[in-house]
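Asker: Before we start, here is the structure in question, set down as structure tokens.
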Amino acid sequence: MMAITASDVAAFVACLSAGAAREEQTLNAADARLGDGDTGSMLRRVFAAMATANAAGAATVSEAGKRLAAAAMKETGSSLGTLVATGAMTFAREAREIEGAGRDPEPADLPRIVAAMRDAISMRGKAETGDKTILDSLYAIAAALGGGEVSREVAAQAAQQALAAFRDRPCRIGRARMFPERSIGADDPGMLAAALLLA
Amino acid sequence: MKKLINAPADYVNEILDGLTSAHPGLVLGGESGRCISRREPALQGRVGIATGGGSGHLPLFTGYVGPGFADACAIGNVFEGPNAQSCLDAIRAAYHGTGVLCLYGNYGGDRMNFDLAIEMAGMDDIACETVLGTDDVASAGADEAAKRRGVAGIVLLYKAAGAAAAEGRDLAAVAALAQKANGATRSIGVALAPCRVPTASAPNFDIGEDEMEFGMGIHGEPGIWRAPIAPADKVADEMVDRLFADLKPGRGDRVMPLVNGLGATPLEELFILWRRVERRLKDAGISHAAPLVGNFVTSMEMAGASLSLMVLDGELEALISAPASCPFWRVG
């Protein structure tokens, strides 16, 4: 199997960044229902910083991940942004572990890496599965990647299905949990971002 | 609420600008531009102490950077935790080759960002330990003491941990000492009037002219109860009773008292409170080190006061009395 390269990582982030720029106002509007309406602008800023962090120029995949995490950290003060940086950090750590074993990360490693990112994000954000957050998207994505083909399309489809499945459920964490009746029928901004940015 | 400020958006940067210019021992820097550290760092080989928190609480957090106190402080916007980059900046600035204790108040956002920064620092082989200030007895019951938020008592933690680091103890020992100091410290506050975040159009809570709120947090988090304002002695009694109930000090014990003003309450009133606290300690057969009475942890123009007590043993008293200096507290 072909190894993943730093350029692959950079290309993937460039894609997320383009998606964040495209969907900025949609995500802001989704967040404004129960939050302060800045999710789209924050994600655009964070991913733009990550896309210009020269991850492609890194010697290893783990170094690429570290550059992405460092770039995200500089741009964010919000919790979702911190979770993006946590994801990148975990990606870097997992990649470093694989590199430490004397080989480069491969697509077949991704289900496990994504699961590790999911767990790290869960721990940092103190959310659990079923709370209706980006964590539920990550559960769906990790499961889909683990169950078959490893591709962006599969991940995007899983995020889309999770979004639809949770739409009519109440949010159980954060500020939005205080308005369960208003979160029912509304997409969680983080879950929406996962679906739109991977598309 | 009137304020002597320029553009609200410049508030934090102008505070830091003025603070570092008035106190040249502090420098502002880091990749975030939101990290205050010592101009002359501690000796190589000493454990560093990194802290951080939102703005709007001066002298906390950043005023307690100096020899024998914290080495660096990450600074957030008003009442917002510091971002992860500034936490990483503070960890790096506090690193003198041998590990960093991250010592800060127990708030969700601060924890998330410090934890991320610690992970990042770990990639550069900087070892960190975390101890959270959890002294506010009003923020959770004794059975959930780990969930309590940190308020004025953290100033005493900086002093004790800073002295332990200056003695040359290793990271595990400094962290254990900070944990012990936190376990010996409790605080309770009472708010009389709210404050206004500079970018907000209204005060952060409403309270009647003749009311006070017991146990309110330093960002205006709801307290335990609200009641008509009472004489200072009654308020002091209530504070002492609350802290005694939690700390359970015995006759012959010794404490370090801190009577803290929240910002708008005059020193006169703090001394009136202290007078009663002193009486109560004496009646309970508890001796005390020289008290701190003044503004140490504020919420801008919030009116009110807090009382903190740290139960001292020989070790803690020696550390609290060790020479140290920062812009707002000097010992020796």
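In the structure tokens, chains take the letters A, B, ... in the order shown, each chain's residues start at 1, and ligands count up from 1 in the order shown.
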Write out as a PDB file with N, CA and C atoms, in the first residue's frame all residues of range 2-153 of chain B that DSSP puts in helix (DSSP H, G or I) for this structure's backbone.

Answerer:
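The resulting out-v1.pdb:
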ATOM      1  N   PRO B   8     -12.673  49.753  23.628  1.00  0.00           N
ATOM      2  CA  PRO B   8     -12.804  48.498  24.387  1.00  0.00           C
ATOM      3  C   PRO B   8     -11.951  47.368  23.800  1.00  0.00           C
ATOM      4  N   ALA B   9     -11.812  47.339  22.478  1.00  0.00           N
ATOM      5  CA  ALA B   9     -11.051  46.259  21.846  1.00  0.00           C
ATOM      6  C   ALA B   9      -9.565  46.337  22.191  1.00  0.00           C
ATOM      7  N   ASP B  10      -9.106  47.523  22.612  1.00  0.00           N
ATOM      8  CA  ASP B  10      -7.687  47.683  22.954  1.00  0.00           C
ATOM      9  C   ASP B  10      -7.408  47.446  24.429  1.00  0.00           C
ATOM     10  N   TYR B  11      -8.464  47.180  25.181  1.00  0.00           N
ATOM     11  CA  TYR B  11      -8.374  47.116  26.640  1.00  0.00           C
ATOM     12  C   TYR B  11      -7.221  46.237  27.134  1.00  0.00           C
ATOM     13  N   VAL B  12      -7.213  44.983  26.721  1.00  0.00           N
ATOM     14  CA  VAL B  12      -6.211  44.050  27.253  1.00  0.00           C
ATOM     15  C   VAL B  12      -4.802  44.453  26.819  1.00  0.00           C
ATOM     16  N   ASN B  13      -4.641  44.762  25.550  1.00  0.00           N
ATOM     17  CA  ASN B  13      -3.304  45.116  25.072  1.00  0.00           C
ATOM     18  C   ASN B  13      -2.772  46.361  25.777  1.00  0.00           C
ATOM     19  N   GLU B  14      -3.642  47.318  26.025  1.00  0.00           N
ATOM     20  CA  GLU B  14      -3.181  48.544  26.688  1.00  0.00           C
ATOM     21  C   GLU B  14      -2.852  48.302  28.164  1.00  0.00           C
ATOM     22  N   ILE B  15      -3.585  47.390  28.797  1.00  0.00           N
ATOM     23  CA  ILE B  15      -3.241  47.013  30.192  1.00  0.00           C
ATOM     24  C   ILE B  15      -1.821  46.450  30.214  1.00  0.00           C
ATOM     25  N   LEU B  16      -1.561  45.500  29.292  1.00  0.00           N
ATOM     26  CA  LEU B  16      -0.272  44.807  29.306  1.00  0.00           C
ATOM     27  C   LEU B  16       0.858  45.761  28.964  1.00  0.00           C
ATOM     28  N   ASP B  17       0.563  46.672  28.059  1.00  0.00           N
ATOM     29  CA  ASP B  17       1.518  47.689  27.674  1.00  0.00           C
ATOM     30  C   ASP B  17       1.902  48.535  28.892  1.00  0.00           C
ATOM     31  N   GLY B  18       0.892  49.015  29.593  1.00  0.00           N
ATOM     32  CA  GLY B  18       1.134  49.854  30.768  1.00  0.00           C
ATOM     33  C   GLY B  18       1.803  49.091  31.895  1.00  0.00           C
ATOM     34  N   LEU B  19       1.366  47.858  32.100  1.00  0.00           N
ATOM     35  CA  LEU B  19       1.909  47.047  33.193  1.00  0.00           C
ATOM     36  C   LEU B  19       3.396  46.781  32.995  1.00  0.00           C
ATOM     37  N   THR B  20       3.767  46.394  31.770  1.00  0.00           N
ATOM     38  CA  THR B  20       5.186  46.066  31.542  1.00  0.00           C
ATOM     39  C   THR B  20       6.046  47.320  31.522  1.00  0.00           C
ATOM     40  N   SER B  21       5.453  48.441  31.144  1.00  0.00           N
ATOM     41  CA  SER B  21       6.239  49.666  31.150  1.00  0.00           C
ATOM     42  C   SER B  21       6.465  50.148  32.585  1.00  0.00           C
ATOM     43  N   ALA B  22       5.464  49.968  33.443  1.00  0.00           N
ATOM     44  CA  ALA B  22       5.621  50.382  34.845  1.00  0.00           C
ATOM     45  C   ALA B  22       6.466  49.389  35.631  1.00  0.00           C
ATOM     46  N   THR B  62      -1.421  37.836  36.035  1.00  0.00           N
ATOM     47  CA  THR B  62      -0.101  38.166  35.518  1.00  0.00           C
ATOM     48  C   THR B  62       0.729  39.022  36.459  1.00  0.00           C
ATOM     49  N   GLY B  63       0.079  39.603  37.483  1.00  0.00           N
ATOM     50  CA  GLY B  63       0.839  40.393  38.446  1.00  0.00           C
ATOM     51  C   GLY B  63       1.695  39.553  39.366  1.00  0.00           C
ATOM     52  N   TYR B  64       1.484  38.242  39.364  1.00  0.00           N
ATOM     53  CA  TYR B  64       2.246  37.373  40.262  1.00  0.00           C
ATOM     54  C   TYR B  64       3.373  36.649  39.549  1.00  0.00           C
ATOM     55  N   ALA B  84      -4.610  28.495  23.561  1.00  0.00           N
ATOM     56  CA  ALA B  84      -3.617  27.432  23.739  1.00  0.00           C
ATOM     57  C   ALA B  84      -2.212  27.917  23.386  1.00  0.00           C
ATOM     58  N   GLN B  85      -2.105  28.779  22.390  1.00  0.00           N
ATOM     59  CA  GLN B  85      -0.780  29.273  22.014  1.00  0.00           C
ATOM     60  C   GLN B  85      -0.150  30.066  23.156  1.00  0.00           C
ATOM     61  N   SER B  86      -0.935  30.904  23.804  1.00  0.00           N
ATOM     62  CA  SER B  86      -0.352  31.682  24.904  1.00  0.00           C
ATOM     63  C   SER B  86       0.015  30.762  26.070  1.00  0.00           C
ATOM     64  N   CYS B  87      -0.757  29.684  26.261  1.00  0.00           N
ATOM     65  CA  CYS B  87      -0.390  28.705  27.302  1.00  0.00           C
ATOM     66  C   CYS B  87       0.953  28.063  26.953  1.00  0.00           C
ATOM     67  N   LEU B  88       1.121  27.714  25.674  1.00  0.00           N
ATOM     68  CA  LEU B  88       2.384  27.117  25.236  1.00  0.00           C
ATOM     69  C   LEU B  88       3.527  28.128  25.394  1.00  0.00           C
ATOM     70  N   ASP B  89       3.252  29.377  25.053  1.00  0.00           N
ATOM     71  CA  ASP B  89       4.263  30.428  25.238  1.00  0.00           C
ATOM     72  C   ASP B  89       4.695  30.507  26.704  1.00  0.00           C
ATOM     73  N   ALA B  90       3.707  30.426  27.608  1.00  0.00           N
ATOM     74  CA  ALA B  90       4.024  30.532  29.044  1.00  0.00           C
ATOM     75  C   ALA B  90       4.841  29.327  29.498  1.00  0.00           C
ATOM     76  N   ILE B  91       4.466  28.141  28.996  1.00  0.00           N
ATOM     77  CA  ILE B  91       5.227  26.936  29.365  1.00  0.00           C
ATOM     78  C   ILE B  91       6.669  27.061  28.876  1.00  0.00           C
ATOM     79  N   ARG B  92       6.819  27.502  27.638  1.00  0.00           N
ATOM     80  CA  ARG B  92       8.185  27.643  27.098  1.00  0.00           C
ATOM     81  C   ARG B  92       8.976  28.686  27.882  1.00  0.00           C
ATOM     82  N   ALA B  93       8.319  29.805  28.217  1.00  0.00           N
ATOM     83  CA  ALA B  93       9.036  30.863  28.949  1.00  0.00           C
ATOM     84  C   ALA B  93       9.408  30.407  30.353  1.00  0.00           C
ATOM     85  N   ALA B  94       8.610  29.489  30.912  1.00  0.00           N
ATOM     86  CA  ALA B  94       8.872  29.034  32.282  1.00  0.00           C
ATOM     87  C   ALA B  94       9.842  27.850  32.311  1.00  0.00           C
ATOM     88  N   GLY B 108     -13.024  25.421  32.830  1.00  0.00           N
ATOM     89  CA  GLY B 108     -13.052  24.507  31.690  1.00  0.00           C
ATOM     90  C   GLY B 108     -12.175  24.921  30.522  1.00  0.00           C
ATOM     91  N   GLY B 109     -12.336  26.164  30.055  1.00  0.00           N
ATOM     92  CA  GLY B 109     -11.588  26.622  28.885  1.00  0.00           C
ATOM     93  C   GLY B 109     -10.092  26.665  29.159  1.00  0.00           C
ATOM     94  N   ASP B 110      -9.734  27.116  30.350  1.00  0.00           N
ATOM     95  CA  ASP B 110      -8.317  27.191  30.712  1.00  0.00           C
ATOM     96  C   ASP B 110      -7.701  25.794  30.691  1.00  0.00           C
ATOM     97  N   ARG B 111      -8.455  24.837  31.206  1.00  0.00           N
ATOM     98  CA  ARG B 111      -7.942  23.459  31.248  1.00  0.00           C
ATOM     99  C   ARG B 111      -7.727  22.909  29.854  1.00  0.00           C
ATOM    100  N   MET B 112      -8.726  23.106  28.995  1.00  0.00           N
ATOM    101  CA  MET B 112      -8.618  22.595  27.626  1.00  0.00           C
ATOM    102  C   MET B 112      -7.374  23.140  26.946  1.00  0.00           C
ATOM    103  N   ASN B 113      -7.176  24.441  27.080  1.00  0.00           N
ATOM    104  CA  ASN B 113      -6.069  25.060  26.365  1.00  0.00           C
ATOM    105  C   ASN B 113      -4.720  24.725  26.989  1.00  0.00           C
ATOM    106  N   PHE B 114      -4.655  24.684  28.313  1.00  0.00           N
ATOM    107  CA  PHE B 114      -3.395  24.275  28.938  1.00  0.00           C
ATOM    108  C   PHE B 114      -3.080  22.815  28.601  1.00  0.00           C
ATOM    109  N   ASP B 115      -4.105  21.952  28.627  1.00  0.00           N
ATOM    110  CA  ASP B 115      -3.848  20.536  28.328  1.00  0.00           C
ATOM    111  C   ASP B 115      -3.303  20.363  26.909  1.00  0.00           C
ATOM    112  N   LEU B 116      -3.879  21.108  25.978  1.00  0.00           N
ATOM    113  CA  LEU B 116      -3.387  21.035  24.598  1.00  0.00           C
ATOM    114  C   LEU B 116      -1.949  21.545  24.520  1.00  0.00           C
ATOM    115  N   ALA B 117      -1.697  22.665  25.203  1.00  0.00           N
ATOM    116  CA  ALA B 117      -0.348  23.241  25.181  1.00  0.00           C
ATOM    117  C   ALA B 117       0.665  22.277  25.815  1.00  0.00           C
ATOM    118  N   ILE B 118       0.248  21.585  26.871  1.00  0.00           N
ATOM    119  CA  ILE B 118       1.141  20.626  27.540  1.00  0.00           C
ATOM    120  C   ILE B 118       1.483  19.479  26.584  1.00  0.00           C
ATOM    121  N   GLU B 119       0.478  19.055  25.814  1.00  0.00           N
ATOM    122  CA  GLU B 119       0.709  17.992  24.835  1.00  0.00           C
ATOM    123  C   GLU B 119       1.720  18.463  23.788  1.00  0.00           C
ATOM    124  N   MET B 120       1.519  19.686  23.347  1.00  0.00           N
ATOM    125  CA  MET B 120       2.418  20.287  22.356  1.00  0.00           C
ATOM    126  C   MET B 120       3.832  20.400  22.947  1.00  0.00           C
ATOM    127  N   ALA B 121       3.922  20.861  24.189  1.00  0.00           N
ATOM    128  CA  ALA B 121       5.233  20.998  24.835  1.00  0.00           C
ATOM    129  C   ALA B 121       5.892  19.630  24.978  1.00  0.00           C
ATOM    130  N   GLY B 122       5.061  18.596  25.190  1.00  0.00           N
ATOM    131  CA  GLY B 122       5.584  17.244  25.314  1.00  0.00           C
ATOM    132  C   GLY B 122       6.278  16.786  24.036  1.00  0.00           C
ATOM    133  N   MET B 123       5.785  17.267  22.884  1.00  0.00           N
ATOM    134  CA  MET B 123       6.424  16.921  21.609  1.00  0.00           C
ATOM    135  C   MET B 123       7.842  17.490  21.564  1.00  0.00           C
ATOM    136  N   VAL B 137     -15.158  27.492  48.118  1.00  0.00           N
ATOM    137  CA  VAL B 137     -16.076  26.519  48.727  1.00  0.00           C
ATOM    138  C   VAL B 137     -17.511  26.684  48.213  1.00  0.00           C
ATOM    139  N   ALA B 138     -17.805  27.845  47.634  1.00  0.00           N
ATOM    140  CA  ALA B 138     -19.183  28.082  47.183  1.00  0.00           C
ATOM    141  C   ALA B 138     -19.473  27.416  45.844  1.00  0.00           C
ATOM    142  N   SER B 139     -18.431  26.965  45.125  1.00  0.00           N
ATOM    143  CA  SER B 139     -18.650  26.527  43.748  1.00  0.00           C
ATOM    144  C   SER B 139     -18.996  25.046  43.624  1.00  0.00           C
ATOM    145  N   ALA B 142     -18.309  19.811  49.415  1.00  0.00           N
ATOM    146  CA  ALA B 142     -17.053  19.191  49.842  1.00  0.00           C
ATOM    147  C   ALA B 142     -16.874  17.817  49.196  1.00  0.00           C
ATOM    148  N   ASP B 143     -18.006  17.157  48.855  1.00  0.00           N
ATOM    149  CA  ASP B 143     -17.913  15.840  48.233  1.00  0.00           C
ATOM    150  C   ASP B 143     -17.472  15.930  46.776  1.00  0.00           C
ATOM    151  N   GLU B 144     -17.532  17.131  46.216  1.00  0.00           N
ATOM    152  CA  GLU B 144     -17.087  17.332  44.835  1.00  0.00           C
ATOM    153  C   GLU B 144     -15.997  18.403  44.799  1.00  0.00           C
ATOM    154  N   ALA B 145     -15.102  18.352  45.777  1.00  0.00           N
ATOM    155  CA  ALA B 145     -14.119  19.422  45.950  1.00  0.00           C
ATOM    156  C   ALA B 145     -13.253  19.629  44.705  1.00  0.00           C
ATOM    157  N   ALA B 146     -13.030  18.565  43.931  1.00  0.00           N
ATOM    158  CA  ALA B 146     -12.177  18.693  42.744  1.00  0.00           C
ATOM    159  C   ALA B 146     -12.844  19.534  41.660  1.00  0.00           C
ATOM    160  N   LYS B 147     -14.165  19.709  41.776  1.00  0.00           N
ATOM    161  CA  LYS B 147     -14.876  20.511  40.765  1.00  0.00           C
ATOM    162  C   LYS B 147     -14.891  21.992  41.113  1.00  0.00           C
TER     163      LYS B 147
END

Asker: Would you list which chain A residues are within 12 Å of chain B using only C-alpha atoms, as a ChimeraX atom specification?

Answerer: /A:62-63,65-90,92-94,96-97,120-126,174

Asker: Go ahead and write the residues just picked, C-alpha atoms, as an mmCIF file, in the first residue's frame.

Answerer:
data_model
loop_
_atom_site.group_PDB
_atom_site.id
_atom_site.type_symbol
_atom_site.label_atom_id
_atom_site.label_comp_id
_atom_site.auth_asym_id
_atom_site.auth_seq_id
_atom_site.Cartn_x
_atom_site.Cartn_y
_atom_site.Cartn_z
ATOM 1 C CA SER A 62 4.199 13.553 12.066
ATOM 2 C CA GLU A 63 6.092 16.799 11.550
ATOM 3 C CA GLY A 65 0.765 17.183 11.789
ATOM 4 C CA LYS A 66 2.752 19.115 14.353
ATOM 5 C CA ARG A 67 2.954 22.143 12.067
ATOM 6 C CA LEU A 68 -0.814 21.974 11.564
ATOM 7 C CA ALA A 69 -1.446 21.755 15.297
ATOM 8 C CA ALA A 70 0.878 24.670 15.987
ATOM 9 C CA ALA A 71 -0.855 26.785 13.333
ATOM 10 C CA ALA A 72 -4.298 25.943 14.708
ATOM 11 C CA MET A 73 -3.243 26.774 18.247
ATOM 12 C CA LYS A 74 -2.138 30.239 17.246
ATOM 13 C CA GLU A 75 -5.446 31.049 15.630
ATOM 14 C CA THR A 76 -7.980 29.815 18.111
ATOM 15 C CA GLY A 77 -9.332 30.783 21.463
ATOM 16 C CA SER A 78 -12.604 28.927 21.093
ATOM 17 C CA SER A 79 -13.352 25.405 22.192
ATOM 18 C CA LEU A 80 -14.089 24.001 18.728
ATOM 19 C CA GLY A 81 -10.821 25.486 17.480
ATOM 20 C CA THR A 82 -8.972 23.909 20.389
ATOM 21 C CA LEU A 83 -10.537 20.597 19.404
ATOM 22 C CA VAL A 84 -9.295 21.019 15.819
ATOM 23 C CA ALA A 85 -5.804 21.625 17.179
ATOM 24 C CA THR A 86 -6.199 18.613 19.479
ATOM 25 C CA GLY A 87 -7.126 16.490 16.469
ATOM 26 C CA ALA A 88 -4.050 17.631 14.555
ATOM 27 C CA MET A 89 -1.867 17.065 17.604
ATOM 28 C CA THR A 90 -3.178 13.530 18.045
ATOM 29 C CA ALA A 92 0.954 13.962 14.759
ATOM 30 C CA ARG A 93 1.462 11.787 17.819
ATOM 31 C CA GLU A 94 -0.043 8.692 16.228
ATOM 32 C CA ARG A 96 5.164 9.639 15.186
ATOM 33 C CA GLU A 97 4.476 6.343 16.887
ATOM 34 C CA ALA A 120 -8.525 12.669 22.368
ATOM 35 C CA ILE A 121 -11.197 15.157 21.318
ATOM 36 C CA SER A 122 -13.725 13.451 23.567
ATOM 37 C CA MET A 123 -11.388 13.660 26.516
ATOM 38 C CA ARG A 124 -10.426 17.285 25.924
ATOM 39 C CA GLY A 125 -13.945 18.533 25.264
ATOM 40 C CA LYS A 126 -15.513 16.296 27.935
ATOM 41 C CA GLY A 174 -22.517 23.044 26.337
#

Asker: Just how far from CA of Glu213 in chain B is CA of Val190 in chain B, in Å to one decimal?

Answerer: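 Going from CA of Val190 in chain B over to CA of Glu213 in chain B covers 5.6 Å.
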
Asker: Just the residues within 9 Å of Ile154 in chain B, please, counting only C-alpha atoms, with nothing from its chain fewer than 5 positions along; format it as a PyMOL selection string.

Answerer: chain B and resi 60+103-105+132-135+159+182+185

Asker: Nearest residue to Leu247 in chain B out of B:Leu270, B:Ala172, B:Ala184, B:Ile207, using only C-alpha atoms?

Answerer: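 Residue with the minimum atom-to-atom distance to Leu247 in chain B: B:Ala184.
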
Asker: For a quick check of understanding, using only C-alpha atoms, which of A:Pro180, A:Ala6, A:Asn54, A:Gly147 has the smallest distance to Ala95 in chain A?

Answerer: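 Among the listed residues, the smallest separation from Ala95 in chain A belongs to A:Ala6.
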
Asker: Using only C-alpha atoms, which protein or nucleic acid residues come within 10 Å of Glu149 in chain A? Drop anything in the same chain fewer than 5 positions from it, and give the result as a list in words.

Answerer: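 Surrounding residues, per the criterion: Pro107, Ala108, Pro111, Ala144, Val154 and Ala155 of chain A.
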
Asker: Please save C-alpha atoms of the selected residues as a JSON list (two decimals), in the first residue's frame.

Answerer:
[["chain", "number", "residue", "atom", "x", "y", "z"],
["A", 107, "PRO", "CA", -4.16, 4.64, 4.57],
["A", 108, "ALA", "CA", -4.82, 1.39, 6.44],
["A", 111, "PRO", "CA", -9.20, 4.18, 10.91],
["A", 144, "ALA", "CA", -17.12, 3.83, 8.32],
["A", 154, "VAL", "CA", -16.66, 7.38, 2.70],
["A", 155, "ALA", "CA", -15.83, 9.80, 5.51]]

Asker: Residues near Arg118 in chain A, anyone? I mean within 7 Å using only C-alpha atoms, not counting same-chain ones fewer than 3 positions away, as a ChimeraX atom specification.

Answerer: /A:114-115,121-122,135,138-139

Asker: For each of B:Glu268, B:Asp124, B:Asp253, B:Glu301, take the minimum atom-to-atom distance to Lys2 in chain B, counting only C-alpha atoms, then give the residue where this is smallest.

Answerer: B:Glu301

Asker: What's around Glu129 in chain B at 7 Å? Count only C-alpha atoms, leave out sequence neighbours fewer than 4 positions away in its own chain, and write the answer as a list in words.

Answerer: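 The neighbour list is Val100, Leu101, Cys102 and Ala175 of chain B.
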
Asker: If you count only C-alpha atoms, which residues fall within 9 Å of Asn260 in chain B, apart from same-chain ones fewer than 6 positions away, as number ranges by chain?

Answerer: B: 152, 189, 270, 292-298, 304-308

Asker: Select, from A:Asp31, A:Asp36, A:Asp8, A:Glu23, the residue with the minimum atom-to-atom distance to Pro189 in chain A, counting only C-alpha atoms.

Answerer: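 When distances to Pro189 in chain A are compared using only C-alpha atoms, the smallest one comes from A:Asp31.
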
Asker: Could you pull out the residues in range 30-80 of chain B that DSSP calls strand (DSSP E) from the backbone, as number ranges by chain?

Answerer: B: 35-38, 48-55, 72-78

Asker: Go through B:Pro198, B:Gly54, B:Gly66, B:Gly220 and flag the residue nearest Leu4 in chain B, using only C-alpha atoms for the distances.

Answerer: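 Smallest separation from Leu4 in chain B among the options: B:Pro198.
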
Asker: In Å to one decimal, how far is CA of Ala164 in chain B from CA of Cys73 in chain B?

Answerer: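 Taking CA of Cys73 in chain B as the start and CA of Ala164 in chain B as the end point, the length is 18.1 Å.
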